[in-house]
>>> print(open('protein15.cif').read())   # mmCIF, C-alpha atoms
data_start
#
loop_
_atom_site.label_atom_id
_atom_site.label_comp_id
_atom_site.auth_asym_id
_atom_site.auth_seq_id
_atom_site.Cartn_x
_atom_site.Cartn_y
_atom_site.Cartn_z
CA MET O 2 -1.55 -29.46 14.80
CA GLN O 3 -4.44 -27.34 13.57
CA THR O 4 -4.15 -23.59 13.38
CA ARG O 5 -6.99 -21.51 14.70
CA VAL O 6 -8.40 -18.86 12.44
CA PHE O 7 -9.36 -15.64 14.19
CA GLN O 8 -12.89 -14.79 13.07
CA LEU O 9 -15.46 -12.47 14.54
CA PRO O 10 -18.39 -10.73 12.92
CA GLU O 11 -17.13 -7.45 11.49
CA THR O 12 -19.55 -5.41 13.58
CA LEU O 13 -18.13 -6.84 16.81
CA LEU O 14 -14.42 -6.41 16.06
CA LYS O 15 -12.73 -3.71 18.16
CA LEU O 16 -9.08 -2.82 18.79
CA SER O 17 -9.37 -4.53 22.18
CA ASP O 18 -10.04 -7.84 20.34
CA LEU O 19 -6.66 -7.77 18.59
CA PRO O 20 -3.47 -9.00 20.30
CA ILE O 21 -0.23 -7.05 20.69
CA GLY O 22 1.67 -7.30 17.42
CA ALA O 23 -1.46 -7.44 15.27
CA ARG O 24 -1.04 -5.62 11.97
CA LEU O 25 -3.57 -3.18 10.57
CA LEU O 26 -3.90 -0.36 8.07
CA VAL O 27 -4.31 3.26 9.20
CA ARG O 28 -5.00 6.43 7.27
CA SER O 29 -2.45 9.22 7.68
CA ARG O 30 -2.98 12.76 6.39
CA THR O 31 -1.83 11.82 2.89
CA ASP O 32 -2.05 8.06 2.46
CA TRP O 33 -2.71 4.65 4.02
CA ARG O 34 0.07 3.10 6.11
CA ALA O 35 0.91 -0.16 7.87
CA ALA O 36 0.70 -0.19 11.67
CA ALA O 37 0.99 -2.66 14.53
CA ILE O 38 -0.44 -2.75 18.02
CA SER O 39 2.53 -2.14 20.30
CA ARG O 40 0.90 -1.68 23.70
CA ILE O 41 -2.46 -1.96 25.43
CA ILE O 42 -2.96 0.30 28.44
CA GLU O 43 -5.93 -1.06 30.37
CA GLU O 44 -5.97 1.71 33.01
CA SER O 45 -6.64 4.46 30.48
CA ALA O 46 -8.47 2.20 27.96
CA VAL O 47 -5.96 3.04 25.22
CA VAL O 48 -4.19 1.08 22.48
CA VAL O 49 -0.83 2.36 21.23
CA LEU O 50 -0.17 1.81 17.52
CA THR O 51 3.26 2.00 15.90
CA VAL O 52 2.87 3.36 12.37
CA CYS O 53 5.50 2.89 9.65
CA SER O 54 6.51 5.98 7.70
CA PRO O 55 7.87 5.87 4.11
CA SER O 56 10.95 7.78 5.32
CA GLY O 57 11.99 4.73 7.34
CA HIS O 58 10.97 6.17 10.69
CA SER O 59 7.93 5.27 12.77
CA TYR O 60 5.58 7.14 15.01
CA ARG O 61 2.92 6.26 17.56
CA LEU O 62 -0.80 6.85 17.68
CA ARG O 63 -3.14 6.31 20.60
CA ARG O 64 -6.69 5.07 20.05
CA GLU O 65 -9.43 3.98 22.42
CA LEU O 66 -9.91 0.26 23.11
CA THR O 67 -13.46 0.51 21.77
CA THR O 68 -12.40 1.80 18.33
CA GLU O 69 -14.04 -0.33 15.64
CA VAL O 70 -11.93 -2.25 13.14
CA ILE O 71 -13.13 -3.26 9.67
CA VAL O 72 -11.89 -6.50 8.12
CA GLU O 73 -11.60 -6.42 4.34
CA GLY O 74 -10.02 -9.29 2.46
CA GLY O 75 -8.17 -10.48 5.55
CA PHE O 76 -6.78 -7.03 6.38
CA ALA O 77 -7.71 -5.22 9.59
CA ILE O 78 -8.43 -1.56 8.79
CA LEU O 79 -9.10 1.41 11.04
CA PRO O 80 -12.00 3.30 9.45
CA ALA O 81 -11.19 6.78 8.14
CA ASP O 82 -13.19 9.74 6.90
CA SER O 83 -11.48 9.77 3.52
CA ASP O 84 -12.98 9.05 0.12
CA ASP O 85 -10.09 6.95 -1.16
CA SER O 86 -9.60 3.24 -0.65
CA TRP O 87 -6.45 1.82 0.93
CA ARG O 88 -5.92 -0.12 -2.31
CA GLU O 89 -5.76 3.12 -4.32
CA ASN O 90 -3.55 5.20 -2.02
CA PHE O 91 -1.27 2.88 -0.04
CA SER O 92 2.07 4.39 0.98
CA VAL O 93 5.08 3.36 -1.08
CA TYR O 94 7.84 2.17 1.23
CA ASP O 95 10.46 1.01 -1.26
CA ARG O 96 10.08 1.26 -5.02
CA ARG O 97 12.74 -1.40 -5.66
CA TRP O 98 10.38 -4.23 -4.71
#
>>> encode(input="protein15.cif", output="structure tokens")
Amino acid sequence: MQTRVFQLPETLLKLSDLPIGARLLVRSRTDWRAAAISRIIEESAVVVLTVCSPSGHSYRLRRELTTEVIVEGGFAILPADSDDSWRENFSVYDRRW
């Protein structure tokens, strides 16, 4: 059985192209965090993201279906207006690992 690789040109990739459960990186106020698409609300054209917090809790963000997503090295990333890269300032979830 062959696995299908999900590939689209980066300029055409939107949140609406990703399935529920898809993982992506989002910028919080202080750092970059892991998130997942938890719900797609077609009526209001909104995607609900569940974002992991270093404290162990999670919170939700709502973004429009048409929000662009950048793919970098296999990671889906929501663009942010920050100067830092997600590689430089990714949130530390557990220092033991």
>>> resolve_selection(input="protein15.cif", expression="the PyMOL selection byres ((chain O and resi 80-94) around 7)", output="VMD selection string")
chain O and resid 28 32 to 34 55 70 to 71 78 to 79 95 to 96
>>> atom_distance(input="protein15.cif", atom1="atom CA of Arg24 of chain O", atom2="atom CA of Thr67 of chain O")
17.0 Å
>>> atom_distance(input="protein15.cif", atom1="atom CA of Gly75 of chain O", atom2="atom CA of Val49 of chain O")
21.6 Å
>>> closest_residue(input="protein15.cif", among="O:Ala35, O:Ala77, O:Leu66, O:Leu19", to="Thr51 of chain O", atoms="all atoms listed in the file")
O:Ala35
>>> closest_residue(input="protein15.cif", among="O:Cys53, O:Pro20, O:Lys15, O:Leu26", to="Ile38 of chain O", atoms="all atoms listed in the file")
O:Pro20
>>> closest_residue(input="protein15.cif", among="O:Ala23, O:Thr31, O:Leu62, O:Glu44", to="Phe76 of chain O", atoms="all atoms listed in the file")
O:Ala23
>>> closest_residue(input="protein15.cif", among="O:Leu25, O:Arg64, O:Glu69, O:Leu14", to="Val48 of chain O", atoms="only C-alpha atoms")
O:Arg64
